[in-house]
Structures are given as structure tokens and as C-alpha cells.
Amino acid sequence: MTDAASPSVAALLAGLEEISRQRPDRVLRLVGTLTAQGEDEPFELLIFRGFSSSITHPTAFDPDQPALPESARITAAELLAGPLNPSDERRLAGPLPAETFLDPGAWEGRPGS
């Protein structure tokens with residue numbers, strides 16, 4: 001059983017997606033590793049306006065399915081100004097543990113924090 005300090009991957013993503021619906025001016029980038037065919041592979045997932053999308057691995061089209069398997073290890077999260085502009089990416093907070101962003105106040109972000 002998972003305790004409140006470390007929610008399951010699905011619960012973590014659901015919580016972060018819910019908060020992101022209220023913050024269309026923010027993008028949360030999660031990074032970590034997935035185990036595929038016995039080897040760890042890095043992944044990057046973006047959460048924006050209530051949706052998760054992997055930019056490194058295919059994801060199911062069904063929005064009711066978590067974008068990451070339970071075996072995923074999320075190592076860090078960064079809060080970015082949204083909508084995301086790859087040529088002018090502005091990091092507002094992080095890298096920090098992803099659970100930090102379950103607090104809606106953490107989505108305020110301050111450049112350099």
C-alpha cells in the first residue's frame with residue numbers, strides 16, 4: 001500500500017493534471033526513467049491544461065489511462081511558463097520532487113527558484 005507521502009504514479013499524475021487545469025499559464029515537465037525490455041530508458045512528460053503528453057514515448061489516446069506505467073520512476077519536475085515556447089523556454093521552478101507540485105501554491109513559481 002502506498003502512503004500519502006508517495007502517491008502512486010497514476011494518483012500523482014491525476015493530481016498534477018487537476019491542478020494544471022487551473023493554471024493554463026504553466027507547463028510541468030516530469031523527467032525520469034521507464035523500464036522497457038529490461039533496460040531503463042529516460043522519459044520526459046509534459047502536463048499542460050489538464051493533460052499529460054510524453055515527448056519521448058508513445059502514450060495511449062485514452063485520457064482516462066495514465067500516461068506513465070506504475071513502474072515509472074519520476075526523478076524531477078520543472079515548472080515552466082506556458083504555453084511552452086521551445087525557442088524561449090522559461091523555467092519558473094525546479095528541478096524539484098514532483099510531489100512538490102501537488103501543492104497548488106507551488107505552481108506560482110518564481111524565476112530562479
# chains A, B, ... in the order shown; residues from 1 in each chain; ligands from 1
call {"tool": "residues_around", "arguments": {"residues": "segment 103-108 of chain A", "least_positions_apart": "5", "cutoff": "9 Å", "atoms": "only C-alpha atoms", "output": "number ranges by chain"}}
result
A: 16, 19-20, 23, 26, 28, 79, 92-93
call {"tool": "residues_around", "arguments": {"residues": "Pro42 of chain A", "least_positions_apart": "3", "cutoff": "8 Å", "atoms": "only C-alpha atoms", "output": "PyMOL selection string"}}
result
chain A and resi 31-34+56
call {"tool": "residues_around", "arguments": {"residues": "Glu70 of chain A", "least_positions_apart": "3", "cutoff": "9 Å", "atoms": "only C-alpha atoms", "output": "VMD selection string"}}
result
chain A and resid 8 to 10 66 73
call {"tool": "write_last_selection", "arguments": {"atoms": "N, CA and C atoms", "output": "mmCIF file, in the first residue's frame"}}
result
data_model
loop_
_atom_site.group_PDB
_atom_site.id
_atom_site.type_symbol
_atom_site.label_atom_id
_atom_site.label_comp_id
_atom_site.auth_asym_id
_atom_site.auth_seq_id
_atom_site.Cartn_x
_atom_site.Cartn_y
_atom_site.Cartn_z
ATOM 1 N N SER A 8 0.824 6.834 -5.759
ATOM 2 C CA SER A 8 1.110 6.020 -6.937
ATOM 3 C C SER A 8 1.344 6.945 -8.126
ATOM 4 N N VAL A 9 1.968 6.424 -9.163
ATOM 5 C CA VAL A 9 2.220 7.222 -10.368
ATOM 6 C C VAL A 9 0.898 7.743 -10.928
ATOM 7 N N ALA A 10 -0.128 6.889 -11.000
ATOM 8 C CA ALA A 10 -1.430 7.300 -11.541
ATOM 9 C C ALA A 10 -2.042 8.409 -10.690
ATOM 10 N N PRO A 66 -3.445 6.464 -17.365
ATOM 11 C CA PRO A 66 -2.253 7.247 -17.010
ATOM 12 C C PRO A 66 -1.231 7.223 -18.145
ATOM 13 N N ARG A 73 9.773 5.714 -12.792
ATOM 14 C CA ARG A 73 10.421 6.426 -11.690
ATOM 15 C C ARG A 73 10.561 7.884 -12.095
#
call {"tool": "closest_residue", "arguments": {"among": "A:Pro69, A:Gly50, A:Pro97, A:Gly82", "to": "Glu17 of chain A", "atoms": "only C-alpha atoms"}}
result
A:Gly50
call {"tool": "closest_residue", "arguments": {"among": "A:Thr35, A:Ser71, A:Gln22, A:Thr100", "to": "Arg49 of chain A", "atoms": "only C-alpha atoms"}}
result
A:Gln22
call {"tool": "select_by_dssp", "arguments": {"residues": "segment 6-111 of chain A", "states": "helix (DSSP H, G or I)", "output": "ChimeraX atom specification"}}
result
/A:9-21,86-88,98-102,104-108
call {"tool": "residues_around", "arguments": {"residues": "Arg91 of chain A", "least_positions_apart": "3", "cutoff": "12 Å", "atoms": "only C-alpha atoms", "output": "NGL selection string"}}
result
:A and (26-29 or 77-86 or 88 or 94-96 or 107-113)
call {"tool": "atom_distance", "arguments": {"atom1": "atom CA of Arg90 of chain A", "atom2": "atom CA of Asp25 of chain A"}}
result
11.5 Å
call {"tool": "select_by_dssp", "arguments": {"residues": "chain A", "states": "strand (DSSP E or B)", "output": "PyMOL selection string"}}
result
chain A and resi 26-36+39-48+51-54+73-81+91-96
call {"tool": "write_last_selection", "arguments": {"atoms": "C-alpha atoms", "output": "tab-separated table (two decimals), in the first residue's frame"}}
result
chain	number	residue	atom	x	y	z
A	26	ARG	CA	2.05	26.84	-16.61
A	27	VAL	CA	3.61	23.66	-18.01
A	28	LEU	CA	5.02	20.99	-15.72
A	29	ARG	CA	7.82	18.84	-17.11
A	30	LEU	CA	8.45	15.48	-15.42
A	31	VAL	CA	11.61	13.50	-16.10
A	32	GLY	CA	12.63	10.05	-15.01
A	33	THR	CA	13.09	6.51	-16.24
A	34	LEU	CA	10.91	3.74	-17.63
A	35	THR	CA	11.93	0.12	-17.72
A	36	ALA	CA	11.48	-1.28	-21.22
A	39	GLU	CA	16.57	-1.66	-19.54
A	40	ASP	CA	15.98	1.79	-18.09
A	41	GLU	CA	15.13	4.46	-20.64
A	42	PRO	CA	14.83	8.17	-19.88
A	43	PHE	CA	11.42	9.79	-20.38
A	44	GLU	CA	10.06	13.30	-20.47
A	45	LEU	CA	6.39	14.07	-19.86
A	46	LEU	CA	4.66	17.45	-20.12
A	47	ILE	CA	1.50	18.35	-18.21
A	48	PHE	CA	-0.48	21.28	-19.63
A	51	PHE	CA	-3.40	16.64	-19.98
A	52	SER	CA	-0.17	14.64	-19.88
A	53	SER	CA	1.81	14.01	-23.02
A	54	SER	CA	5.07	12.14	-23.38
A	73	ARG	CA	10.42	6.43	-11.69
A	74	ILE	CA	9.86	10.17	-11.71
A	75	THR	CA	13.11	11.80	-10.65
A	76	ALA	CA	12.36	15.52	-11.02
A	77	ALA	CA	9.83	18.13	-12.08
A	78	GLU	CA	10.29	21.60	-13.52
A	79	LEU	CA	7.65	24.32	-13.71
A	80	LEU	CA	7.76	26.26	-16.97
A	81	ALA	CA	5.92	29.33	-18.21
A	91	ARG	CA	11.82	27.77	-16.10
A	92	LEU	CA	9.98	29.13	-13.07
A	93	ALA	CA	10.86	26.44	-10.51
A	94	GLY	CA	12.81	23.23	-10.23
A	95	PRO	CA	14.10	20.75	-10.64
A	96	LEU	CA	12.19	19.60	-7.56
call {"tool": "atom_distance", "arguments": {"atom1": "atom CA of Glu99 of chain A", "atom2": "atom CA of Ser87 of chain A"}}
result
27.8 Å
